[in-house]
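Source file: target09.cif. Holds: mmCIF, C-alpha atoms.
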data_coords
loop_
_atom_site.group_PDB
_atom_site.id
_atom_site.type_symbol
_atom_site.label_atom_id
_atom_site.label_comp_id
_atom_site.auth_asym_id
_atom_site.auth_seq_id
_atom_site.Cartn_x
_atom_site.Cartn_y
_atom_site.Cartn_z
ATOM 1 C CA MET Y 1 -15.655 -28.907 -32.922
ATOM 2 C CA ARG Y 2 -14.039 -27.013 -30.079
ATOM 3 C CA GLU Y 3 -16.066 -27.341 -26.874
ATOM 4 C CA SER Y 4 -14.291 -24.694 -24.764
ATOM 5 C CA TYR Y 5 -11.958 -21.727 -25.155
ATOM 6 C CA ASP Y 6 -9.230 -20.116 -23.089
ATOM 7 C CA GLU Y 7 -9.058 -16.298 -23.103
ATOM 8 C CA SER Y 8 -6.898 -16.216 -26.222
ATOM 9 C CA GLY Y 9 -9.166 -18.592 -28.085
ATOM 10 C CA ALA Y 10 -12.304 -16.740 -26.997
ATOM 11 C CA ALA Y 11 -10.872 -13.401 -28.122
ATOM 12 C CA SER Y 12 -9.865 -14.898 -31.460
ATOM 13 C CA ARG Y 13 -13.314 -16.441 -31.940
ATOM 14 C CA LEU Y 14 -14.982 -13.042 -31.387
ATOM 15 C CA LYS Y 15 -12.279 -11.166 -33.339
ATOM 16 C CA VAL Y 16 -11.473 -8.888 -30.373
ATOM 17 C CA SER Y 17 -8.192 -8.289 -28.580
ATOM 18 C CA VAL Y 18 -7.212 -10.412 -25.591
ATOM 19 C CA ALA Y 19 -7.113 -7.194 -23.537
ATOM 20 C CA ALA Y 20 -10.719 -6.460 -24.525
ATOM 21 C CA TRP Y 21 -11.772 -9.978 -23.489
ATOM 22 C CA ARG Y 22 -9.975 -9.640 -20.156
ATOM 23 C CA TRP Y 23 -11.711 -6.337 -19.475
ATOM 24 C CA ALA Y 24 -15.090 -7.794 -20.441
ATOM 25 C CA VAL Y 25 -14.525 -10.587 -17.900
ATOM 26 C CA ALA Y 26 -13.304 -8.193 -15.183
ATOM 27 C CA SER Y 27 -16.219 -5.788 -15.717
ATOM 28 C CA GLY Y 28 -18.864 -8.522 -15.751
ATOM 29 C CA LEU Y 29 -19.733 -8.122 -19.422
ATOM 30 C CA VAL Y 30 -18.716 -11.757 -19.915
ATOM 31 C CA PRO Y 31 -19.845 -14.494 -17.483
ATOM 32 C CA ALA Y 32 -17.281 -16.187 -15.268
ATOM 33 C CA ALA Y 33 -15.392 -19.136 -16.719
ATOM 34 C CA ASP Y 34 -17.738 -22.140 -16.734
ATOM 35 C CA ALA Y 35 -15.579 -24.855 -18.327
ATOM 36 C CA GLY Y 36 -12.681 -25.003 -15.901
ATOM 37 C CA ALA Y 37 -10.055 -22.564 -14.681
ATOM 38 C CA GLY Y 38 -9.725 -19.801 -17.285
ATOM 39 C CA ARG Y 39 -11.923 -21.592 -19.827
ATOM 40 C CA TRP Y 40 -15.355 -20.760 -21.239
ATOM 41 C CA SER Y 41 -17.795 -23.118 -22.913
ATOM 42 C CA ARG Y 42 -18.583 -22.687 -26.572
ATOM 43 C CA ALA Y 43 -22.166 -21.723 -25.753
ATOM 44 C CA VAL Y 44 -21.046 -18.877 -23.475
ATOM 45 C CA VAL Y 45 -18.518 -17.524 -25.982
ATOM 46 C CA LEU Y 46 -20.975 -17.583 -28.901
ATOM 47 C CA ALA Y 47 -23.565 -15.760 -26.771
ATOM 48 C CA VAL Y 48 -21.226 -12.823 -26.071
ATOM 49 C CA ASP Y 49 -21.875 -9.569 -27.963
ATOM 50 C CA ALA Y 50 -18.526 -8.901 -29.680
ATOM 51 C CA GLU Y 51 -19.444 -5.286 -30.466
ATOM 52 C CA ALA Y 52 -20.214 -4.617 -26.801
ATOM 53 C CA VAL Y 53 -16.838 -6.094 -25.839
ATOM 54 C CA ARG Y 54 -15.056 -3.801 -28.315
ATOM 55 C CA ALA Y 55 -17.021 -0.752 -27.182
ATOM 56 C CA ALA Y 56 -16.196 -1.371 -23.511
ATOM 57 C CA MET Y 57 -12.477 -1.398 -24.191
ATOM 58 C CA ARG Y 58 -10.545 1.866 -24.081
ATOM 59 C CA GLY Y 59 -6.795 1.806 -24.225
ATOM 60 C CA PRO Y 60 -5.395 -0.169 -22.574
ATOM 61 C CA ALA Y 61 -3.311 2.337 -20.611
ATOM 62 C CA ALA Y 62 0.308 1.768 -19.673
ATOM 63 C CA ALA Y 63 1.277 1.368 -16.023
ATOM 64 C CA PHE Y 64 3.396 4.520 -16.202
ATOM 65 C CA TRP Y 65 0.364 6.580 -17.249
ATOM 66 C CA ALA Y 66 -1.737 5.011 -14.486
ATOM 67 C CA ALA Y 67 0.938 5.828 -11.913
ATOM 68 C CA GLU Y 68 1.036 9.484 -12.943
ATOM 69 C CA ARG Y 69 -2.777 9.705 -12.861
ATOM 70 C CA LEU Y 70 -2.792 8.387 -9.287
ATOM 71 C CA ASN Y 71 -0.039 10.829 -8.340
ATOM 72 C CA GLU Y 72 -2.157 13.656 -9.746
ATOM 73 C CA ALA Y 73 -5.109 12.436 -7.673
ATOM 74 C CA LEU Y 74 -3.033 12.520 -4.484
ATOM 75 C CA GLY Y 75 -2.330 16.212 -5.045
ATOM 76 C CA GLU Y 76 0.406 18.484 -6.335
ATOM 77 C CA PRO Y 77 2.711 18.836 -4.595
ATOM 78 C CA LEU Y 78 2.279 15.445 -2.970
ATOM 79 C CA PRO Y 79 1.100 15.526 0.666
ATOM 80 C CA PHE Y 80 3.821 15.335 3.320
ATOM 81 C CA GLY Y 81 5.244 11.851 3.653
ATOM 82 C CA ARG Y 82 3.573 10.534 0.506
ATOM 83 C CA PRO Y 83 6.039 8.947 -1.959
ATOM 84 C CA ARG Y 84 5.234 9.040 -5.649
ATOM 85 C CA VAL Y 85 3.234 6.167 -7.090
ATOM 86 C CA THR Y 86 5.365 4.150 -9.507
ATOM 87 C CA ALA Y 87 4.557 1.753 -12.350
ATOM 88 C CA ALA Y 88 5.574 -1.086 -10.023
ATOM 89 C CA ALA Y 89 2.904 0.121 -7.567
ATOM 90 C CA VAL Y 90 0.317 -0.309 -10.328
ATOM 91 C CA GLY Y 91 1.422 -3.942 -10.542
ATOM 92 C CA HIS Y 92 0.775 -4.352 -6.810
ATOM 93 C CA LEU Y 93 -2.690 -2.793 -7.199
ATOM 94 C CA VAL Y 94 -3.457 -5.289 -9.976
ATOM 95 C CA ARG Y 95 -2.356 -8.209 -7.793
ATOM 96 C CA ALA Y 96 -4.503 -6.843 -4.947
ATOM 97 C CA GLY Y 97 -7.558 -6.838 -7.232
ATOM 98 C CA HIS Y 98 -8.046 -3.064 -7.460
ATOM 99 C CA LEU Y 99 -7.189 -2.990 -11.174
ATOM 100 C CA ALA Y 100 -7.697 -5.610 -13.873
ATOM 101 C CA TYR Y 101 -4.665 -7.014 -15.675
ATOM 102 C CA LEU Y 102 -5.069 -6.407 -19.411
ATOM 103 C CA GLY Y 103 -1.638 -7.441 -20.647
ATOM 104 C CA GLY Y 104 2.007 -6.491 -20.805
ATOM 105 C CA ASP Y 105 4.659 -7.013 -18.141
ATOM 106 C CA ALA Y 106 3.044 -8.399 -14.982
ATOM 107 C CA ASP Y 107 5.168 -6.060 -12.827
ATOM 108 C CA HIS Y 108 4.194 -2.995 -14.913
ATOM 109 C CA PRO Y 109 0.856 -4.080 -16.406
ATOM 110 C CA ASP Y 110 -1.503 -2.479 -18.883
ATOM 111 C CA VAL Y 111 -4.783 -1.433 -17.257
ATOM 112 C CA HIS Y 112 -8.123 0.112 -18.193
ATOM 113 C CA PRO Y 113 -8.099 3.942 -18.024
ATOM 114 C CA ASP Y 114 -11.709 4.114 -16.779
ATOM 115 C CA GLN Y 115 -10.852 1.835 -13.858
ATOM 116 C CA VAL Y 116 -7.816 3.971 -13.052
ATOM 117 C CA GLU Y 117 -10.018 7.083 -13.085
ATOM 118 C CA ALA Y 118 -12.478 5.426 -10.708
ATOM 119 C CA LEU Y 119 -9.633 4.489 -8.348
ATOM 120 C CA ALA Y 120 -8.210 8.016 -8.548
ATOM 121 C CA ARG Y 121 -11.560 9.441 -7.415
ATOM 122 C CA ARG Y 122 -11.670 7.344 -4.257
ATOM 123 C CA ARG Y 123 -11.163 9.337 -1.058
ATOM 124 C CA ASP Y 124 -9.450 6.350 0.537
ATOM 125 C CA LEU Y 125 -6.785 6.128 -2.198
ATOM 126 C CA PRO Y 126 -3.920 6.799 0.275
ATOM 127 C CA VAL Y 127 -5.243 4.021 2.523
ATOM 128 C CA ILE Y 128 -5.396 1.609 -0.415
ATOM 129 C CA LEU Y 129 -1.810 2.457 -1.392
ATOM 130 C CA ASP Y 130 -0.574 1.945 2.178
ATOM 131 C CA ARG Y 131 -2.385 -1.371 2.437
ATOM 132 C CA HIS Y 132 -1.235 -2.924 -0.826
ATOM 133 C CA VAL Y 133 1.904 -1.192 -2.136
ATOM 134 C CA PRO Y 134 5.206 -2.014 -0.373
ATOM 135 C CA LEU Y 135 7.995 0.557 -0.199
ATOM 136 C CA GLY Y 136 11.713 0.390 -0.861
ATOM 137 C CA PRO Y 137 14.040 2.010 1.713
ATOM 138 C CA ASP Y 138 14.126 5.401 -0.041
ATOM 139 C CA GLN Y 139 10.343 5.466 -0.427
ATOM 140 C CA ALA Y 140 9.905 4.343 3.189
ATOM 141 C CA ALA Y 141 12.072 7.243 4.362
ATOM 142 C CA VAL Y 142 9.844 9.644 2.397
ATOM 143 C CA ARG Y 143 6.688 8.038 3.837
ATOM 144 C CA LEU Y 144 8.082 8.454 7.344
ATOM 145 C CA GLY Y 145 9.325 11.983 6.611
ATOM 146 C CA VAL Y 146 12.917 11.304 7.672
ATOM 147 C CA ARG Y 147 16.328 10.999 6.051
ATOM 148 C CA ARG Y 148 17.349 7.667 4.560
ATOM 149 C CA VAL Y 149 20.077 7.305 7.204
ATOM 150 C CA ASP Y 150 17.450 7.637 9.940
ATOM 151 C CA PHE Y 151 15.232 5.004 8.349
ATOM 152 C CA ASP Y 152 18.235 2.681 8.107
ATOM 153 C CA ARG Y 153 18.699 3.175 11.850
ATOM 154 C CA VAL Y 154 15.030 2.282 12.415
ATOM 155 C CA VAL Y 155 15.720 -0.997 10.606
ATOM 156 C CA ASP Y 156 18.887 -1.590 12.650
ATOM 157 C CA LEU Y 157 16.892 -1.095 15.845
ATOM 158 C CA GLY Y 158 14.566 -3.889 14.756
ATOM 159 C CA TRP Y 159 11.481 -1.660 14.750
ATOM 160 C CA ILE Y 160 10.525 -2.778 11.254
ATOM 161 C CA THR Y 161 11.484 -5.754 9.096
ATOM 162 C CA PRO Y 162 11.176 -6.363 5.338
ATOM 163 C CA THR Y 163 8.088 -8.125 4.044
ATOM 164 C CA GLY Y 164 9.779 -9.052 0.771
ATOM 165 C CA ALA Y 165 12.425 -8.000 -1.707
ATOM 166 C CA VAL Y 166 12.839 -7.152 -5.361
ATOM 167 C CA GLU Y 167 15.862 -7.499 -7.630
ATOM 168 C CA ILE Y 168 16.740 -4.387 -9.635
ATOM 169 C CA ASP Y 169 19.212 -4.521 -12.508
ATOM 170 C CA TYR Y 170 21.231 -1.301 -12.512
ATOM 171 C CA LYS Y 171 23.190 -2.650 -15.513
ATOM 172 C CA ARG Y 172 26.251 -0.366 -15.797
ATOM 173 C CA GLN Y 173 25.987 0.742 -12.167
ATOM 174 C CA GLY Y 174 26.862 -2.513 -10.450
ATOM 175 C CA GLY Y 175 24.501 -5.115 -11.875
ATOM 176 C CA VAL Y 176 21.622 -6.758 -10.007
ATOM 177 C CA THR Y 177 20.884 -5.470 -6.493
ATOM 178 C CA ARG Y 178 18.396 -7.010 -4.073
ATOM 179 C CA VAL Y 179 16.299 -4.245 -2.503
ATOM 180 C CA PRO Y 180 14.195 -4.971 0.610
ATOM 181 C CA LEU Y 181 10.537 -3.990 0.607
ATOM 182 C CA TYR Y 182 8.611 -2.769 3.654
ATOM 183 C CA SER Y 183 4.897 -2.648 4.403
ATOM 184 C CA ALA Y 184 3.742 0.954 3.945
ATOM 185 C CA GLN Y 185 1.292 0.430 6.814
ATOM 186 C CA ASP Y 186 4.109 -0.638 9.121
ATOM 187 C CA VAL Y 187 6.122 2.415 8.083
ATOM 188 C CA ALA Y 188 3.204 4.813 8.622
ATOM 189 C CA LEU Y 189 2.507 3.280 12.044
ATOM 190 C CA LEU Y 190 6.017 3.848 13.411
ATOM 191 C CA PRO Y 191 5.314 7.291 14.952
ATOM 192 C CA VAL Y 192 2.173 5.843 16.560
ATOM 193 C CA ILE Y 193 3.756 2.752 18.093
ATOM 194 C CA ARG Y 194 6.994 4.492 19.109
ATOM 195 C CA PRO Y 195 5.666 7.555 20.965
ATOM 196 C CA GLU Y 196 8.854 7.779 23.029
ATOM 197 C CA VAL Y 197 10.704 9.101 19.956
ATOM 198 C CA ASP Y 198 10.721 12.836 19.244
ATOM 199 C CA TRP Y 199 9.531 12.512 15.664
ATOM 200 C CA HIS Y 200 9.501 16.258 15.093
ATOM 201 C CA GLU Y 201 13.180 16.427 15.984
ATOM 202 C CA LEU Y 202 13.912 13.416 13.808
ATOM 203 C CA ARG Y 203 12.093 14.960 10.836
ATOM 204 C CA THR Y 204 13.865 18.301 11.152
ATOM 205 C CA VAL Y 205 17.431 17.176 11.917
ATOM 206 C CA ALA Y 206 19.910 19.086 9.751
ATOM 207 C CA PRO Y 207 21.639 17.297 6.856
ATOM 208 C CA GLY Y 208 24.965 15.829 7.888
ATOM 209 C CA ARG Y 209 24.024 15.673 11.570
ATOM 210 C CA ARG Y 210 24.163 12.412 13.464
ATOM 211 C CA SER Y 211 20.850 10.596 13.777
ATOM 212 C CA PRO Y 212 19.186 11.032 17.195
ATOM 213 C CA LEU Y 213 18.351 7.320 16.993
ATOM 214 C CA THR Y 214 22.005 6.306 17.321
ATOM 215 C CA ALA Y 215 21.717 6.748 21.100
ATOM 216 C CA LEU Y 216 19.126 3.957 21.283
ATOM 217 C CA THR Y 217 19.956 0.282 21.742
ATOM 218 C CA PRO Y 218 18.190 -2.470 19.803
ATOM 219 C CA ALA Y 219 16.014 -4.757 21.894
ATOM 220 C CA PRO Y 220 17.192 -8.377 22.061
ATOM 221 C CA GLU Y 221 15.634 -10.469 19.314
ATOM 222 C CA GLY Y 222 12.184 -11.628 20.343
ATOM 223 C CA ARG Y 223 12.164 -9.340 23.395
ATOM 224 C CA ASP Y 224 10.444 -6.204 22.098
ATOM 225 C CA THR Y 225 8.069 -5.764 25.023
ATOM 226 C CA VAL Y 226 5.900 -2.989 26.386
ATOM 227 C CA LEU Y 227 4.215 -2.337 29.743
ATOM 228 C CA MET Y 228 0.515 -1.509 30.123
ATOM 229 C CA ALA Y 229 1.428 2.162 30.565
ATOM 230 C CA GLY Y 230 3.289 1.975 27.253
ATOM 231 C CA ILE Y 231 0.279 0.413 25.524
ATOM 232 C CA GLY Y 232 -1.855 3.211 26.940
ATOM 233 C CA ARG Y 233 0.568 5.823 25.623
ATOM 234 C CA ILE Y 234 0.393 4.270 22.157
ATOM 235 C CA ALA Y 235 -3.412 4.311 22.232
ATOM 236 C CA GLY Y 236 -3.634 7.734 23.877
ATOM 237 C CA VAL Y 237 -5.302 6.469 27.045
ATOM 238 C CA GLY Y 238 -4.308 5.845 30.650
ATOM 239 C CA ARG Y 239 -3.036 2.617 32.206
ATOM 240 C CA ALA Y 240 -6.433 2.032 33.824
ATOM 241 C CA ALA Y 241 -8.116 1.875 30.407
ATOM 242 C CA VAL Y 242 -5.623 -0.771 29.270
ATOM 243 C CA ALA Y 243 -6.250 -2.772 32.450
ATOM 244 C CA ASN Y 244 -9.969 -2.579 31.672
ATOM 245 C CA TRP Y 245 -9.407 -3.817 28.095
ATOM 246 C CA ARG Y 246 -7.362 -6.687 29.449
ATOM 247 C CA ARG Y 247 -10.129 -7.630 31.867
ATOM 248 C CA ARG Y 248 -13.010 -7.318 29.407
ATOM 249 C CA HIS Y 249 -11.460 -8.835 26.241
ATOM 250 C CA PRO Y 250 -10.493 -12.525 26.330
ATOM 251 C CA ASP Y 251 -8.345 -12.061 23.207
ATOM 252 C CA PHE Y 252 -6.117 -9.416 24.810
ATOM 253 C CA PRO Y 253 -2.497 -10.638 24.512
ATOM 254 C CA ALA Y 254 -1.174 -12.645 27.432
ATOM 255 C CA PRO Y 255 1.878 -11.287 29.279
ATOM 256 C CA THR Y 256 5.255 -12.568 28.110
ATOM 257 C CA GLY Y 257 7.183 -11.453 31.183
ATOM 258 C CA GLY Y 258 7.402 -8.903 33.954
ATOM 259 C CA THR Y 259 5.521 -9.276 37.219
ATOM 260 C CA ALA Y 260 1.896 -9.598 38.263
ATOM 261 C CA THR Y 261 1.895 -5.883 39.091
ATOM 262 C CA HIS Y 262 3.840 -4.757 36.021
ATOM 263 C CA PRO Y 263 3.301 -7.348 33.269
ATOM 264 C CA GLU Y 264 5.162 -7.065 29.993
ATOM 265 C CA PHE Y 265 3.518 -7.717 26.637
ATOM 266 C CA ASP Y 266 4.928 -8.525 23.223
ATOM 267 C CA ARG Y 267 4.792 -5.198 21.369
ATOM 268 C CA PRO Y 268 3.842 -6.605 17.909
ATOM 269 C CA ALA Y 269 1.016 -8.627 19.502
ATOM 270 C CA ALA Y 270 -0.210 -5.574 21.418
ATOM 271 C CA ILE Y 271 -0.133 -3.431 18.267
ATOM 272 C CA ALA Y 272 -2.034 -6.073 16.305
ATOM 273 C CA TRP Y 273 -4.706 -6.146 19.041
ATOM 274 C CA LEU Y 274 -5.009 -2.350 19.113
ATOM 275 C CA LEU Y 275 -5.437 -2.254 15.330
ATOM 276 C CA ALA Y 276 -7.967 -5.092 15.306
ATOM 277 C CA HIS Y 277 -10.062 -3.327 17.954
ATOM 278 C CA ASP Y 278 -9.810 0.146 16.358
ATOM 279 C CA LYS Y 279 -7.890 1.571 19.306
ATOM 280 C CA ILE Y 280 -5.307 3.023 16.916
ATOM 281 C CA THR Y 281 -5.448 3.834 13.196
ATOM 282 C CA VAL Y 282 -2.886 4.013 10.432
ATOM 283 C CA PRO Y 283 -2.048 7.659 9.548
ATOM 284 C CA SER Y 284 -2.978 7.939 5.890
ATOM 285 C CA GLY Y 285 -2.506 11.628 5.070
ATOM 286 C CA VAL Y 286 -5.697 11.869 3.015
ATOM 287 C CA PRO Y 287 -5.402 15.053 0.910
ATOM 288 C CA SER Y 288 -8.041 17.767 0.982
ATOM 289 C CA ALA Y 289 -10.471 17.903 -1.930
ATOM 290 C CA THR Y 290 -9.592 20.508 -4.558
ATOM 291 C CA LEU Y 291 -11.897 22.087 -7.129
ATOM 292 C CA VAL Y 292 -10.016 23.474 -10.129
ATOM 293 C CA LEU Y 293 -11.719 26.219 -12.154
ATOM 294 C CA ARG Y 294 -10.121 26.980 -15.513
ATOM 295 C CA GLY Y 295 -10.575 30.498 -16.875
ATOM 296 C CA ASP Y 296 -11.342 30.836 -20.572
ATOM 297 C CA GLY Y 297 -8.589 32.346 -22.667
ATOM 298 C CA THR Y 298 -6.271 33.268 -19.777
ATOM 299 C CA GLY Y 299 -5.121 29.770 -18.864
ATOM 300 C CA ARG Y 300 -5.253 30.799 -15.203
ATOM 301 C CA GLU Y 301 -6.433 28.227 -12.653
ATOM 302 C CA LEU Y 302 -8.352 29.003 -9.461
ATOM 303 C CA ARG Y 303 -8.335 26.410 -6.654
#
Starting from the coordinates I provided, produce the structure as structure tokens.
Amino acid sequence: MRESYDESGAASRLKVSVAAWRWAVASGLVPAADAGAGRWSRAVVLAVDAEAVRAAMRGPAAAFWAAERLNEALGEPLPFGRPRVTAAAVGHLVRAGHLAYLGGDADHPDVHPDQVEALARRRDLPVILDRHVPLGPDQAAVRLGVRRVDFDRVVDLGWITPTGAVEIDYKRQGGVTRVPLYSAQDVALLPVIRPEVDWHELRTVAPGRRSPLTALTPAPEGRDTVLMAGIGRIAGVGRAAVANWRRRHPDFPAPTGGTATHPEFDRPAAIAWLLAHDKITVPSGVPSATLVLRGDGTGRELR
């Protein structure tokens, strides 16, 4: 007699789909595995209400549908600087624990439509996307609101580095290409941590014109530093406030150079400290709430 079941065996024993079992586990309808990693004891499986498991399952929904539902929740047209959510982004949300994996390709997984609807209703949806969904170069340029050539220059300047990469098979258009991925939070923070750049000019430069960033020189590797006045400018305060933070907080970054009067600090370390202490925030572009009223018979919508 079998003493324990994996998810496939448990689903078969109850005559439900594996997706339904996975959703029952994710939603708490089924107790956590008690017989090892991913295994349930016979007693637990036989105590589960199979009809309740079937009733809880709707779908599952494809990642492409989930992506479009999240795009709809962000607003139409999408808010400025907000790239479209893709099926691959749904995979990242599953890996981050915001959606339960119900089957299919792990990179473009099947998910539960009710859970997608709940995520779409969250006011912090843009924040969640920035925190967990990396961006390719084209998407990063959209998120920053600049041309792709300008984002490439940002990378050349060393202001942002990839956090990973993905291989895309373009088949007849050159085969497999390795595309770098960037943290959406890092991209969104660029205008905050680089206040010396005229971001309005950069976002409105005419097509075909040379990037204003070409006049800038990359900092030597490992030497991206900032003075206390620069930290204050990033945080929107004066130099005296930064000096006070440095005096009052033992975890304030130690100088990496400069002089006693004008110390220099590692910029990434300073930014990390400012974020950790809520001195700066990540611009999220949360859309305004919209109420849609549908007229009967006319098909006209009022917002």
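Shortest atom-to-atom contact with Y:Arg84 among Y:Asp114, Y:Asp138, Y:Glu167, Y:Glu221: Y:Asp138, counting only C-alpha atoms.
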Would you kindly return, as an mmCIF file with C-alpha atoms, in the coordinates of the input, each protein, DNA or RNA residue with an atom no farther than 10 Å from any atom of Y:Ala141, considering all atoms listed in the file and excluding same-chain residues fewer than 2 positions away?
data_model
loop_
_atom_site.group_PDB
_atom_site.id
_atom_site.type_symbol
_atom_site.label_atom_id
_atom_site.label_comp_id
_atom_site.auth_asym_id
_atom_site.auth_seq_id
_atom_site.Cartn_x
_atom_site.Cartn_y
_atom_site.Cartn_z
ATOM 1 C CA GLY Y 81 5.244 11.851 3.653
ATOM 2 C CA ARG Y 82 3.573 10.534 0.506
ATOM 3 C CA PRO Y 83 6.039 8.947 -1.959
ATOM 4 C CA LEU Y 135 7.995 0.557 -0.199
ATOM 5 C CA GLY Y 136 11.713 0.390 -0.861
ATOM 6 C CA PRO Y 137 14.040 2.010 1.713
ATOM 7 C CA ASP Y 138 14.126 5.401 -0.041
ATOM 8 C CA GLN Y 139 10.343 5.466 -0.427
ATOM 9 C CA ARG Y 143 6.688 8.038 3.837
ATOM 10 C CA LEU Y 144 8.082 8.454 7.344
ATOM 11 C CA GLY Y 145 9.325 11.983 6.611
ATOM 12 C CA VAL Y 146 12.917 11.304 7.672
ATOM 13 C CA ARG Y 147 16.328 10.999 6.051
ATOM 14 C CA ARG Y 148 17.349 7.667 4.560
ATOM 15 C CA VAL Y 149 20.077 7.305 7.204
ATOM 16 C CA ASP Y 150 17.450 7.637 9.940
ATOM 17 C CA PHE Y 151 15.232 5.004 8.349
ATOM 18 C CA ASP Y 152 18.235 2.681 8.107
ATOM 19 C CA VAL Y 154 15.030 2.282 12.415
ATOM 20 C CA VAL Y 187 6.122 2.415 8.083
#
Work out where the centre of an axis-aligned box around every listed atom of stretch 151-161 of chain Y lies and how long its edges are once 4 Å is added on each side; give both in Å to one decimal as lines of an AutoDock Vina configuration file.
center_x = 14.7
center_y = -0.4
center_z = 12.0
size_x = 16.4
size_y = 18.8
size_z = 15.7
*Please identify all polymer residues lying at most 10 Å from the point (-11.6, -19.2, -26.3) (file coordinates), using all atoms listed in the file, and present the result as a ChimeraX atom specification.*
/Y:2-14,18,21,38-42,44-46
*asked:* Going by the chain IDs and residue numbers used in this file, which residues fall under the PyMOL selection byres ((chain Y and resi 158-165) around 8)? Write them as a list in words.
replied: Val154, Val155, Asp156, Leu157, Val166, Glu167, Arg178, Val179, Pro180, Leu181, Tyr182, Ser183, Asp186, Val187, Leu190, Pro218 and Ala219 of chain Y
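Among the candidates Y:Leu129, Y:Ile193, Y:Val205, Y:Met228, the residue lying nearest to Y:His262 is Y:Met228 (atoms considered: only C-alpha atoms).
The space between atom CA of Y:Arg54 and atom CA of Y:His92 spans 26.7 Å.
The smallest atom-to-atom distance between Y:Val242 and any of Y:Pro220, Y:Trp273, Y:Gly257, Y:Val116, using only C-alpha atoms, is found for Y:Trp273.
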*Name every residue that the PyMOL selection byres ((chain Y and resi 234) around 8) selects in this structure, writing the answer as number ranges by chain with chains first and numbers rising.*
Y: 192-195, 230-233, 235-237, 280
If you keep C-alpha atoms, can you produce a file of those selected residues as a PDB file, keeping the file's coordinate frame?
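Okay, this is what ended up in selection.pdb:
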ATOM      1  CA  VAL Y 192       2.173   5.843  16.560  1.00  0.00           C
ATOM      2  CA  ILE Y 193       3.756   2.752  18.093  1.00  0.00           C
ATOM      3  CA  ARG Y 194       6.994   4.492  19.109  1.00  0.00           C
ATOM      4  CA  PRO Y 195       5.666   7.555  20.965  1.00  0.00           C
ATOM      5  CA  GLY Y 230       3.289   1.975  27.253  1.00  0.00           C
ATOM      6  CA  ILE Y 231       0.279   0.413  25.524  1.00  0.00           C
ATOM      7  CA  GLY Y 232      -1.855   3.211  26.940  1.00  0.00           C
ATOM      8  CA  ARG Y 233       0.568   5.823  25.623  1.00  0.00           C
ATOM      9  CA  ALA Y 235      -3.412   4.311  22.232  1.00  0.00           C
ATOM     10  CA  GLY Y 236      -3.634   7.734  23.877  1.00  0.00           C
ATOM     11  CA  VAL Y 237      -5.302   6.469  27.045  1.00  0.00           C
ATOM     12  CA  ILE Y 280      -5.307   3.023  16.916  1.00  0.00           C
TER      13      ILE Y 280
END
_Using only C-alpha atoms: which of Y:Val133, Y:Arg122, Y:Asp198, Y:Arg223 has the shortest distance to Y:Ser211_ = Y:Asp198
For the file shown, report as a CSV table (one decimal) with C-alpha atoms, in the coordinates of the input the outcome of the PyMOL selection byres ((chain Y and resi 264) around 6) at residue level.
chain,number,residue,atom,x,y,z
Y,225,THR,CA,8.1,-5.8,25.0
Y,226,VAL,CA,5.9,-3.0,26.4
Y,227,LEU,CA,4.2,-2.3,29.7
Y,255,PRO,CA,1.9,-11.3,29.3
Y,256,THR,CA,5.3,-12.6,28.1
Y,257,GLY,CA,7.2,-11.5,31.2
Y,258,GLY,CA,7.4,-8.9,34.0
Y,263,PRO,CA,3.3,-7.3,33.3
Y,265,PHE,CA,3.5,-7.7,26.6
When you write stretch 114-136 of chain Y out from the block above, keep C-alpha atoms and present the result as a compact mmCIF listing (two decimals), in the first residue's frame, please.
# COMPACT_ATOMS: atom_id res chain seq x y z
CA ASP Y 114 -8.77 34.54 -9.84
CA GLN Y 115 -5.25 35.09 -8.51
CA VAL Y 116 -4.41 37.20 -11.56
CA GLU Y 117 -7.54 39.29 -10.95
CA ALA Y 118 -6.54 39.82 -7.32
CA LEU Y 119 -3.06 40.93 -8.40
CA ALA Y 120 -4.53 43.25 -11.04
CA ARG Y 121 -6.61 44.99 -8.36
CA ARG Y 122 -3.60 45.83 -6.21
CA ARG Y 123 -2.72 49.53 -6.16
CA ASP Y 124 0.96 48.65 -5.79
CA LEU Y 125 1.01 46.56 -9.00
CA PRO Y 126 3.59 48.87 -10.68
CA VAL Y 127 5.83 48.55 -7.61
CA ILE Y 128 5.55 44.76 -7.69
CA LEU Y 129 6.46 44.70 -11.39
CA ASP Y 130 9.48 46.95 -10.82
CA ARG Y 131 10.65 44.82 -7.92
CA HIS Y 132 10.38 41.40 -9.55
CA VAL Y 133 10.31 41.71 -13.36
CA PRO Y 134 13.64 42.47 -15.09
CA LEU Y 135 13.72 44.42 -18.35
CA GLY Y 136 15.50 43.89 -21.64
